[in-house]
Each structure stands twice: as structure tokens, then as C-alpha cells.
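J.: Just passing along the structure, written as C-alpha cells.
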Amino acid sequence: MFSDLMNEMAIKSNISDEPDTSKNVVPVNLSRRGFISGTSLFVIGVSLVGCSKAEEILIDPVPPTPAGPSPLKEVRGGDATPSLWIEIEADGKVKITCHRAEMGQQSWTSMAQITVEELEAEWDKVEIVQALGNPKYGDQNTDGSRSVRFNFHRLRVAGAAMRQMLCQAAANHWGVELSECYAEQGIVTHTPSKKTLTYGQLAEAAGNLQVPSEDQIKLKSRDEWRLIGKEISSLTVEKIVKGEGIFGQDVQRPGMVYAVISRPPQVLGKVLSYNDSDTLAVQGVLKTVELPAATVPVMFKALGGVAVIATDTWAAIQGRQALSIEWDKGPNAGFDSEAFTKVLSERTNTSGTIHRKRGDVSQAFAAAETKVTAEYQTAFFVHSPIEPPSATAEWIGGELEVWACVQDAQTTRKTISDLLSVDIEKIKVHPTWLGGAFGRKSKCDFAVEAALLSRELGKPVKVVWTREDEIQHGYYHASSVHRFEGGLDADGKCISYLNRAAFPSLTSIFNPSADEATGFEMGLGAVDVAFDVPNLQVESVKAEANVRVGWLRSVANIHTVFANQSFVAEMAVAAGRDQKDFLIELIGAPRIMDPNKDEQTQYPNYGADATEYPLDTARLTNVANRVSEMAKWGRELPKGHGLGIAVHRSFLTYVATVVEVAVDDEGNLSIPGVWVAMDAGTVVNPLHVKAQIEGGTIFGFSNALYGKISMKNGAVEQANFPDWRLLRMEEAPRTFEVEIIESNAPPAGVGEPPTPPAAPALANAIYAATGKRFRNLPIIGADDYVLPLNRTEDA
Amino acid sequence: MAITININGKNETVDAAAGTPLLWVLRDHLKMTGTKFGCGVAQCGACTVHLDGEPTRSCSIPHDALDGAKVTTIEGKEGKAAQAIRDAWVDLNVPQCGYCQSGQIMSAVALLESNPTPTDQDIYDAMSGNLCRCATYMTIRRAIKQASTRL
């Protein structure tokens, strides 16, 4: 397993943790030759170490007719050449390469389930090989809730192709027809004679065969699945319960030193001068190193500052505290997040860039019987994975190896190559397990720091981010203001809907002139509102970025859906209607909704083809109806209780959430129940999908209740958990029920879609319980709220 | 000054700067990385170990106060409660990313060792100091109850 290797790595060096197929070299651990089949990239690794039955494997390899190139290099989703993903050893061990990062969403388990389903290997023979960052795998950027969506087809093809080649090797050996052979659970059987051979016995011979083309293989039918769609246990849990998982913070290299960095409090700030005499007096501190200041665009560059190098992390932390640094605060020193929100609020009073237009909202609103207007504000949020970022870098003879908790090892490699002007072929990036990520670890600034320091020092260096570093030097989820105008006719039906949004764009880290939300970000909840309203308009207005703005679990959907699903509930109140009925009516008759049919619209649909992944309002209404049934919507509630609902499609997945809150006479809030219905199309592992639903929902609650990050003079005011709270165990819902809708639709996202409806369902529930409408996030701690809403132990 | 600490039943001699917290002695000096760093200020519980049987935040205990003390970490924690907790954790697939789980498990084991049949409130009291950003809280609660029935 990967973490075995990582543990071993602490002692030895130069261990490659993936088969290197690029050079047609097979990892063979004993004297037998490997398979090198002409120019084919198709190779099955054979390892005879520890195999007591080597003599049984002696199947004559087929005559070495050179196999041609793999015809599976460009199937849907990318390269499905089996040798890129699967290695079968002589003892039957099946090594599956996972090219996505493992950060708790169980990509190791799900990627293996897909591949091994078609391979028909035995699940308990599976081991995961964590892929390094390399373009040969295609996209490795483990965000956007798309590991399964991007790879479902091609990993099935890779598994099925390998299965067929194993059958072919057996057929060749027996001199029978391929059609007379079948594979099941690691064994190929010749049906008429009942003769069998194991995958381990066949691996070497299969390795010489031509890779079949996609039309020559047969994928299993849905009713034959024994892994996909099943609650398969996590492949990481056994290590975790023994403390054996190796995360970025845990990497050890021989001779390694530790670095903790004092970074400029403001983005683009610089060191003017510094005095390290007290630092150097700290026992264990070796030296200090000034890092180059960041320049625009900040992208994933190191932020600059002064690194303290020491023999352990504690000495480095103490040494940093003793540093005296004079900063040039730079161009962002005037930034005040509260003043910024006021500016954004002001700007939403006048029209801006139109992203979607249907009918005439001004005229319809003017003529409306009932006018509803509301403005919603959300603070900056930060990721706070429990593992703060960390990276270890080591240069050996002009070659760089990096071990880091990065979501995208490939981009990390490219970024280091670009910023340090190193040939990319001389860089290896090993993703460790990630102790949570939520988008933070897509940004590899911490790995760049490690690479810079290791080059400077000529030693392996581990850069440790403390919690304070994580909170104060993040890529913050944009603060926002959303303004709405809704017009209702005499029957209380919505005839006009205007949403004007102001939030800084995450593209600003790449493009410093970006000073307004982009179409891509407006397509995360604003443009794609599935409301059947004759007059509808979505706009953005200017919003500059004065901090690093970044994506966080579900991105702009967080504030946008909080705002628009709260606003729907406010319109329902104005119409005197039940919130759920009004919402379902607003979504309207079942239809495929294409926002691009409206004027001035360019809806990206999460980069997916709209024919394969249409926005189907029937599925949206279905999850809303299902969750209402689960929560027994409309039931009589105890005093002080209220139900709220929200529904949204994001990352191509439909989620509806009902929250029940209880608020006592003193304003103490608790969450007795949560119900979620999700339609994510085909689901690979319902057990882990359920975990993502619970986790993503509570992530939404935590930000909504406590998540405020504020800046004064360009610097973040919060520092560690005493100033910035996460939801704790006793605050989690007492009841949490989930339904995953059975579906044959193609797989869609899972990790992010549960988050957007969480906050508005919570706010709508608080309104139902108390009559108090919370239009700003976070809910708790804002000065202008009447209700204290302290938390209590129980409902 | 060299200090001898009994860690997982083995006497370890450590020569770290005075005041260095146990956490960094474990992680950086002894290369025992099962005990995790999350906040450094005893607010997240990721670094929880047992000190003479009591759950303790190792980030906030100077190692030089531990001469002769008995420390147990996730790597060395054994016994009936530990086994029951680990079994329940595996059975219910408690962890998501897993980073906080060393601390969660150490807190949960200490709870069951002192109170084999905890109520919900006992669980909250014992586990409130362990943060989980993946929010595995509800599964942890179920797992502690399941483990409790199998003691």
C-alpha cells in the first residue's frame, strides 16, 4: 500500500511508488525478464517476490508477435490503456493506480471499485498505488467533484480490456476459442472443459498481447455489477485507526530540517528589513532564509517573508516568534472587509453586467402586485482542513522530489517547474494522503515554498504551516452581496426575478485585472436558477480582490444559493404560501431547462455536455418532494421548532435539504434533524456518498453559523480556533437521514453538491421557528442581530 | 537535558529543548507521526494522547514535565476498549480524511475505559474537544455506542 511505501520512504530513498510505463520498463523484482512488447505501452508488471508457486506460472508466453500501439489511448475520459492503471503480480495481487488525490472522499476506494468491477479481480487482492503527478494520467486536479464523472467510463474500459486480455492469454494457452472462456473473480475458466487458470498465472502471458479496441471489449451490464453501487468499505480506514496513514505533515526524509515561515500579513507585502538575532539564539534554530516576495499575478506563488529553519518544528515556531520584521505592507494595506461589503452593497443598487435575461424585469416588477426586495451578505470563509498545509522537498543531484498534501500533483509539478525554472522531467511530485482539503490544497504555494527552501539549503526541508498560517494566509472564499427584486402577481405567483451579485472573482489570482465575477462563477447557482419565471435577469457588478480569493467546497454556489433559496422563502411568505409548495411551483413543470435559450447567457454546465447532463427540473422537483416526505413536511412541530427547505443542482447533482431547528426562549439554537435527498445519477459507493452528504451539509452549517473571516488593514483578523470556530460534535444534528435516488443517469458530483442547500435550509428553518430572517452569514456573532442564538446541548 | 519518557511501554530518552511540547518530541524526534498536529493550542484534539491513562493534548504539555510519566499514543494503544473502538471505527467506516481520527479514537477509548456505557451527553462531554472538518461526528457517536455494546 502507498502508506507502507511512505513509511519505508522514511528510511530509504529513491523509492518510486508507481510503475514507470513511460519507458516500457516493467517492474520485475526477480531474475525473470519483464514484458517489453514492441512499441506498445501495454505492460503488465510481474513480480515474483514471495511467490511460492512460481512453477505454476510457467505458461508459454505467446510467440512474440509485436503488439501494436494501444487503441485505448483516447477513449472518453482519456487514456484507458490497461497498463496505465492495472498491474497484476504472479501471486495474484492486483495493483490499481489511483491518479486522483485521496482526501477523505474515498477516491482510492471508488477508483478501484470502477476498475476492478470490470477487471473481475478479487477485491481483497487489491492494493492501491498512488500516482505521481504526470500528464499521462490526464486530469489529476482533484476538485470540482469530478473524479468519478471524468473516469467512470475509461476505468471501466481499462478493466474490461485487461480482463479480455487475460481470457485471451488463457485461450491461447489452451488452444481454444476466446468465446469459450470467461473470467470471474480472478480466475479464467474454459467453459466446456472447466479448466481454470488464475490471473496471477496468466499475467505474464497476457502482457504480450495486443490491447483490444473499445469495440472489441464488452463492458458488464448493470445487473452484473458486484462492486459499483455497493457499500464497499474504505481502503484507508484500517491504517487510519492505527495511526499509520501518512499525510503531508507526516513525511520524513533522512537529514530533513523543518521550516516555519513568517509571511507578509498583507498579500503582496514585502520584507523591508529583519533582525534574526533573537531567533538564532533559540535552541534548535539553524538559520533564517528570506523568500522572494510574491508578484502579480499571485497564482500559487510563495507569499515571501522569512523562513526559520530548525532541527524540529517547535524550534522553528519559537524562532519565528522571536523574529523582528519590518514590512512594506504593499498595495492591499488599505483593505477592510466590512467597508468592502458596504461598497458592494452600494454597487448592487445599479445595474451591471447581464449574464441571463428573459423578458423585461423592470417592466414586470413595476407592474407587480407585490414587490419583494432583499439583500444578502456573506463574509469571507476559509477552508481549515484539520491538517494544515505541509510539503517536503528534496533535491538530489539536480532532481527535485516533493511530497505534499496537494489536490493536484500535476499542477504542483508544473508550477514548481515554471517558478523555479527547472526542467519538469526532473521533478517528481508525490501526493500524500490529504488531511482534508476542500479546495485549499489545490493551491500549491506551500509546495513551492518547500522547493525554494530545499534548493537554497541543499537539504530536504519540510515546510510546516501552523493553524495560524492556514487561517491568515488562505485563498479565501469570496465575500458577497446578492440583491434581489421579486415581483408577484395578484395570485401570489412570481412573475419577475432579478438577482444582482457582487463578489470578487477567484480568477483574480491569475488575472490581476479581474474585478468582477466571471460567467463561470455566475454559472454556479445564479445563472442556472431553475425557476419558471417569465421575466428573469441575473447580473454582476464590480468587486475587486484585495486578498487571495480561491475556491472552497462548492465555490460561488455557497453564497449564491444561500441568497436565492432564502429569497424564494421570503417570496413565499409575501405570497402567503407554504415555502415548499411555492418553491416547487416556482421550479414549474418538468422540463429540460437550457439557460442558454435566454438572452445574453453562456451557461457552462460544469463543463459537461448538456445532452449527457441536462438540467432536468423533474429531477430537481423529485428530490424536493422526496425530502419533504422524509422530513414529514407540514407536520405539527413542538414550540420553538421550525422547518426550512432548499433545493439546488450543482456539479450536475440534484440535492434537496430540509433542516429542523429548535430555538428556545433565550434564543438558544439547536438542530434536531436534517433530511437530504440526492440524485447524483449512477453512484459508485453509497456508503461514502452518504458520508459526503453528512459532511458537506455540516460544512455548510459550520460556515453559515461561525465562518467569518475578516480583514483590517489588509490583514486577516482571526488566527486560530479560539477566534474562528468549527461546528463541534454536540452541535451536530441529532437525526440525519439521507436518501440517494436510484438512477441510471451518468455519474455526477458528490463531494460539493450537499453544501449549497445547507445554509439556506438552516436560515429558512430559523425563520420558521422564530420569524427572524437572517440575511447575512455567518449567523452567529454578527453585531446587528437581535437574537443571540447561542448554542445549547440539546433540542 | 535528556529526559526519559515511557512511551507505549518503552522508555525513550529524548534530548529536546526545554519546553518542547510532547507533540513535537513524538513527531519530530521519535518519528511517531500517528499523533497529529492541528492547532497547537489544545483546541482541536488532533494531538490527543493518554498521559498516565488520561486523554491529554500533547501539543500543550512540555515534554520535560514528563520525566517518568507513561504516555500512550495511537500507535501503542491496546486493550479491550481500544479494540472495540477500532472495530467499530472500521465497521462503520467512521473516518473520511482520517487526520483527526487518531485524536478522536484516543478520546473515545479514554471515555469507554472510564465509562463503558456512556450516554449521549457523556459522549459530547468527552468528544467536544475533538474537531472534525469532514464532520464525521454523527458516525463517531454511533461508533462509540456500538463499541460500548461490545465491551
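Chain labels run A, B, ... following the order of the C-alpha cells; each chain numbers its residues from 1, and ligands are numbered from 1 in the order shown.
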What's the 8 Å shell around Ala310 in chain A, counting only C-alpha atoms, without same-chain residues fewer than 5 positions away, as a PyMOL selection string?

T.: chain A and resi 257-259+284-287+315-316

J.: Please identify all residues of chain B having at least one atom at most 7 Å from any atom of chain A, considering only C-alpha atoms, and return them as a ChimeraX atom specification.

T.: /B:17,20,24,28,33-34,38-39,43,74-75,86,90,93,95-100,102,124,127-128,131-137

J.: Point out the residue among A:Thr432, A:Asn134, A:Gln472, A:Ser337 with the least atom-to-atom distance to Phe503 in chain A, counting only C-alpha atoms.

T.: A:Ser337

J.: Would you return as a PyMOL selection string the members of range 595-727 of chain A that DSSP assigns to strand (DSSP E) on this structure's backbone?

T.: chain A and resi 641-650+653-663+669-679+711-712+715-716

J.: Taking N, CA and C atoms for each residue, export the selection above as a short mmCIF file (atom, residue, chain, number, x, y, z; two decimals), in the first residue's frame.

T.:
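Result saved to result_28.cif:
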data_model
loop_
_atom_site.label_atom_id
_atom_site.label_comp_id
_atom_site.auth_asym_id
_atom_site.auth_seq_id
_atom_site.Cartn_x
_atom_site.Cartn_y
_atom_site.Cartn_z
N HIS A 641 -39.84 25.16 17.31
CA HIS A 641 -39.22 24.42 16.20
C HIS A 641 -39.66 25.00 14.87
N GLY A 642 -38.86 24.81 13.85
CA GLY A 642 -39.23 25.24 12.51
C GLY A 642 -38.52 24.39 11.47
N LEU A 643 -39.15 24.24 10.31
CA LEU A 643 -38.54 23.51 9.20
C LEU A 643 -38.20 24.48 8.08
N GLY A 644 -37.07 24.24 7.45
CA GLY A 644 -36.69 25.02 6.27
C GLY A 644 -36.25 24.08 5.17
N ILE A 645 -36.47 24.50 3.93
CA ILE A 645 -36.09 23.66 2.79
C ILE A 645 -35.27 24.48 1.81
N ALA A 646 -34.37 23.80 1.11
CA ALA A 646 -33.68 24.41 -0.03
C ALA A 646 -33.36 23.29 -1.02
N VAL A 647 -33.33 23.64 -2.29
CA VAL A 647 -33.04 22.64 -3.33
C VAL A 647 -32.18 23.29 -4.40
N HIS A 648 -31.22 22.51 -4.89
CA HIS A 648 -30.31 23.08 -5.89
C HIS A 648 -29.60 21.97 -6.65
N ARG A 649 -29.30 22.27 -7.90
CA ARG A 649 -28.44 21.38 -8.68
C ARG A 649 -27.08 22.04 -8.79
N SER A 650 -26.05 21.35 -8.34
CA SER A 650 -24.69 21.83 -8.56
C SER A 650 -23.80 20.64 -8.88
N THR A 653 -25.50 17.49 -9.96
CA THR A 653 -26.23 16.66 -9.00
C THR A 653 -27.33 17.46 -8.31
N TYR A 654 -28.45 16.79 -8.09
CA TYR A 654 -29.64 17.44 -7.53
C TYR A 654 -29.74 17.12 -6.05
N VAL A 655 -29.82 18.16 -5.22
CA VAL A 655 -29.88 17.93 -3.77
C VAL A 655 -30.97 18.79 -3.16
N ALA A 656 -31.77 18.18 -2.33
CA ALA A 656 -32.75 18.93 -1.54
C ALA A 656 -32.50 18.62 -0.07
N THR A 657 -32.58 19.67 0.74
CA THR A 657 -32.28 19.56 2.16
C THR A 657 -33.39 20.18 2.98
N VAL A 658 -33.84 19.46 4.00
CA VAL A 658 -34.75 20.04 4.99
C VAL A 658 -34.03 20.04 6.33
N VAL A 659 -34.07 21.17 7.01
CA VAL A 659 -33.46 21.31 8.33
C VAL A 659 -34.57 21.62 9.33
N GLU A 660 -34.49 20.96 10.48
CA GLU A 660 -35.35 21.33 11.59
C GLU A 660 -34.49 21.98 12.66
N VAL A 661 -34.89 23.16 13.10
CA VAL A 661 -34.18 23.80 14.20
C VAL A 661 -35.12 23.93 15.39
N ALA A 662 -34.50 24.11 16.55
CA ALA A 662 -35.26 24.43 17.75
C ALA A 662 -34.60 25.64 18.38
N VAL A 663 -35.40 26.65 18.67
CA VAL A 663 -34.87 27.86 19.31
C VAL A 663 -35.68 28.09 20.57
N LEU A 669 -30.07 28.00 19.97
CA LEU A 669 -30.40 27.27 18.74
C LEU A 669 -29.81 25.86 18.77
N SER A 670 -30.60 24.89 18.33
CA SER A 670 -30.03 23.57 18.08
C SER A 670 -30.67 22.99 16.82
N ILE A 671 -30.10 21.89 16.34
CA ILE A 671 -30.55 21.29 15.07
C ILE A 671 -30.97 19.85 15.35
N PRO A 672 -32.24 19.64 15.68
CA PRO A 672 -32.68 18.27 15.98
C PRO A 672 -32.67 17.35 14.77
N GLY A 673 -32.88 17.88 13.58
CA GLY A 673 -32.96 16.97 12.44
C GLY A 673 -32.56 17.58 11.11
N VAL A 674 -32.01 16.71 10.25
CA VAL A 674 -31.69 17.10 8.88
C VAL A 674 -32.07 15.95 7.97
N TRP A 675 -32.66 16.26 6.83
CA TRP A 675 -33.01 15.25 5.83
C TRP A 675 -32.47 15.71 4.48
N VAL A 676 -31.84 14.82 3.77
CA VAL A 676 -31.28 15.18 2.47
C VAL A 676 -31.64 14.11 1.45
N ALA A 677 -32.14 14.54 0.30
CA ALA A 677 -32.32 13.63 -0.84
C ALA A 677 -31.37 14.08 -1.94
N MET A 678 -30.63 13.14 -2.48
CA MET A 678 -29.65 13.47 -3.53
C MET A 678 -29.84 12.57 -4.73
N ASP A 679 -29.84 13.18 -5.90
CA ASP A 679 -29.83 12.43 -7.16
C ASP A 679 -28.54 12.79 -7.88
N MET A 711 -10.95 41.11 7.38
CA MET A 711 -9.64 41.74 7.18
C MET A 711 -9.69 43.20 7.60
N LYS A 712 -8.67 43.62 8.29
CA LYS A 712 -8.44 45.04 8.64
C LYS A 712 -7.03 45.39 8.18
N ALA A 715 -4.99 42.73 6.55
CA ALA A 715 -4.57 41.51 7.25
C ALA A 715 -5.78 40.81 7.87
N VAL A 716 -5.71 39.49 7.92
CA VAL A 716 -6.81 38.70 8.48
C VAL A 716 -6.82 38.86 10.00
#

J.: Using backbone DSSP assignments, extract all alpha helix (DSSP H) residues from range 13-117 of chain B; output them as number ranges by chain.

T.: B: 22-24, 80-91, 101-114

J.: Keeping C-alpha atoms for every residue in the selection just given, could you write it to a file as a compact mmCIF listing (two decimals), in the first residue's frame?

T.:
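So the final result, stored in out11.txt, reads:
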# COMPACT_ATOMS: atom_id res chain seq x y z
CA LEU B 22 5.35 16.30 23.79
CA LEU B 23 3.69 16.52 20.35
CA TRP B 24 6.89 17.63 18.63
CA LYS B 80 -10.46 -4.10 25.24
CA ALA B 81 -11.84 -0.60 24.79
CA ALA B 82 -9.24 0.25 22.14
CA GLN B 83 -10.09 -2.89 20.20
CA ALA B 84 -13.82 -2.25 20.46
CA ILE B 85 -13.38 1.33 19.28
CA ARG B 86 -11.13 0.35 16.37
CA ASP B 87 -13.54 -2.40 15.33
CA ALA B 88 -16.49 -0.02 15.39
CA TRP B 89 -14.50 2.62 13.51
CA VAL B 90 -13.72 0.11 10.76
CA ASP B 91 -17.17 -1.44 10.76
CA GLN B 101 -9.15 10.33 13.87
CA SER B 102 -6.08 9.46 15.93
CA GLY B 103 -7.25 12.06 18.41
CA GLN B 104 -10.91 11.06 18.12
CA ILE B 105 -10.01 7.44 18.82
CA MET B 106 -7.79 8.31 21.79
CA SER B 107 -10.59 10.42 23.30
CA ALA B 108 -13.20 7.75 22.62
CA VAL B 109 -11.07 4.95 24.10
CA ALA B 110 -10.42 7.00 27.25
CA LEU B 111 -14.16 7.58 27.55
CA LEU B 112 -15.02 3.88 27.34
CA GLU B 113 -12.21 2.94 29.71
CA SER B 114 -13.68 5.19 32.38

J.: Would you pick out the contacts of Ile187 in chain A at 6 Å or less, using only C-alpha atoms, so that residues sharing its chain but fewer than 6 positions from it are not included, and give the list as a CSV table (one decimal) with C-alpha atoms, in the first residue's frame?

T.:
chain,number,residue,atom,x,y,z
A,197,LEU,CA,-6.1,-20.5,-14.7
A,198,THR,CA,-5.6,-17.7,-12.2
A,199,TYR,CA,-4.9,-14.1,-13.1

J.: I'd like to know which of A:Ser566, A:Asn208, A:Ser273, A:Thr621 is closest to Pro66 in chain A, using only C-alpha atoms.

T.: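 Among the listed residues, the smallest separation from Pro66 in chain A belongs to A:Asn208.
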
J.: Between CA of Val71 in chain B and CA of Glu54 in chain B, what is the spacing in Å?

T.: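 These atoms are spaced 9.3 Å apart.
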
J.: Which residues are near range 180-185 of chain A? Cut-off 6 Å, only C-alpha atoms, ignore same chain within fewer than 5 positions. Put them as a ChimeraX atom specification.

T.: /A:120-122,190-191

J.: Can you pull out the residues contacting Pro331 in chain A? Cut-off 10 Å, using only C-alpha atoms, and skip same-chain residues under 6 positions away; I want them as a compact mmCIF listing (two decimals) with C-alpha atoms, in the first residue's frame.

T.:
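This is the output file out.txt:
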# COMPACT_ATOMS: atom_id res chain seq x y z
CA GLN A 266 -0.86 41.60 3.51
CA VAL A 267 -0.84 39.91 0.12
CA LEU A 268 1.97 41.45 -1.97
CA GLY A 269 3.61 42.85 1.16
CA ASN A 546 -7.55 42.58 -2.31
CA GLY A 714 -5.33 44.10 4.56

J.: Kindly indicate which residue among A:Gly334, A:Gly667, A:Gly138, A:Pro753 lies nearest to Ile780 in chain A, using only C-alpha atoms for the distances.

T.: A:Gly667

J.: Expressed in Å to a single decimal, how great is the separation between CA of Ala147 in chain B and CA of Lys77 in chain B?

T.: 15.6 Å
